[in-house]
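Visitor: Quick one: structure below, then a few questions.
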Amino acid sequence: MNYTYPIGLALANNVLNIDLADYISEIKEVIIKYNDIQKKTVNHKKLILINITKKEIILKLYSEKELQVPSKALRSFSQIIIDDFPELADKILYHKHLFRSFPIYNEKDIENSKSNINLNIKNITEKEVLKAMIELCLNDRTREENKTLYQIKEILYNKGLC
């Protein structure tokens with residue numbers, strides 16, 4: 001992907017008593033579905049979750065073509081939440097909006113937030129890892145995903161598992 005856009009999403013209603021981090025598995029499912037849908041579009045895009053806090057989601061959006069307003073590419077992200085997770089959408093919907101986007105200008109801020117998400121890596125189950133590996137192996141892959149798969153193969157080979 002040629003273009004990278006760090007994007008923050010904050011709850012449209014910031015006074016809600018809801019913790020988005022409690023919905024990390026749902027957010028991950030939305031990202032997977034978003035990425036699957038985007039594989040079929042003319043301008044392929046991909047989302048990566050960087051961090052999730054009580055009121056914000058930090059994402060990186062990759063696009064094959066330059067986007068004038070990157071946050072508009074996340075409309076289908078919100079639509080997936082509305083369609084697939086109506087109970088979550090009902091909790092956070094505010095004047096027909098789920099989120100408001102905000103730009104992230106400093107790459108260092110993203111790197112700092114990665115340390116927060118690393119804490120969540122420990123919570124990933126083996127079942128989730130296996131499912132992701134199967135999807136990675138069986139679906140069409142981007143160049144970045146091919147590199148990831150190669151690194152995984154290298155780790156398995158070096159451990160004597162393949």
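Chains: A, B, ... in order of the structure tokens. Residues: from 1 per chain. Ligands: from 1, in order shown.
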Env of A:Leu47: 8 Å cut, atoms = only C-alpha atoms, seq-sep filter 2 positions within chain, self excluded. Answer as a list in words.

Guide: Ile31, Tyr34, Asn35, Lys45, Leu49, Leu59, Lys60, Leu61 and Tyr62 of chain A

Visitor: Between atom CA of A:Lys33 and atom CA of A:Tyr94, what is the spacing in Å?

Guide: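 For atom CA of A:Tyr94 relative to atom CA of A:Lys33, the distance reads 23.3 Å.
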
Visitor: One decimal, in Å: what's the spacing between atom CA of A:Pro70 and atom CA of A:Leu138?

Guide: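 Between atom CA of A:Pro70 and atom CA of A:Leu138 the gap is 29.0 Å.
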
Visitor: Env of A:Leu20: 8 Å cut, atoms = only C-alpha atoms, seq-sep filter 2 positions within chain, self excluded. Answer as a PyMOL selection string.

Guide: chain A and resi 18+22-24+52-57

Visitor: For the selection you just gave me, I'd like the residues written to a file as a tab-separated table (two decimals), in the first residue's frame, keeping C-alpha atoms.

Guide:
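Once written, part01.tsv looks like this:
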```
chain	number	residue	atom	x	y	z
A	18	ILE	CA	-18.71	3.37	28.20
A	22	ASP	CA	-14.35	-3.57	26.76
A	23	TYR	CA	-15.35	-4.08	23.12
A	24	ILE	CA	-11.90	-4.86	21.71
A	52	ILE	CA	-7.94	1.34	21.99
A	53	THR	CA	-8.71	3.32	25.12
A	54	LYS	CA	-11.85	4.10	27.05
A	55	LYS	CA	-13.05	6.74	24.59
A	56	GLU	CA	-10.78	6.44	21.52
A	57	ILE	CA	-9.62	4.05	18.84
```

Visitor: Hey, what does DSSP flag as strand (DSSP E or B) within chain A? Can you give it to me as a PyMOL selection string?

Guide: chain A and resi 3-11+45-52+56-63+94+97+99-103

Visitor: In Å, how far is it from atom CA of A:Leu136 to atom CA of A:Tyr5?

Guide: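 Interatomic distance here is 22.9 Å.
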
Visitor: Rank A:Val15, A:Ile82, A:Ile32, A:Ile104 by their smallest atom-to-atom distance to A:Ile58, using only C-alpha atoms, and report the top residue only.

Guide: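 Of the candidates, the smallest distance to A:Ile58 is held by A:Ile104.
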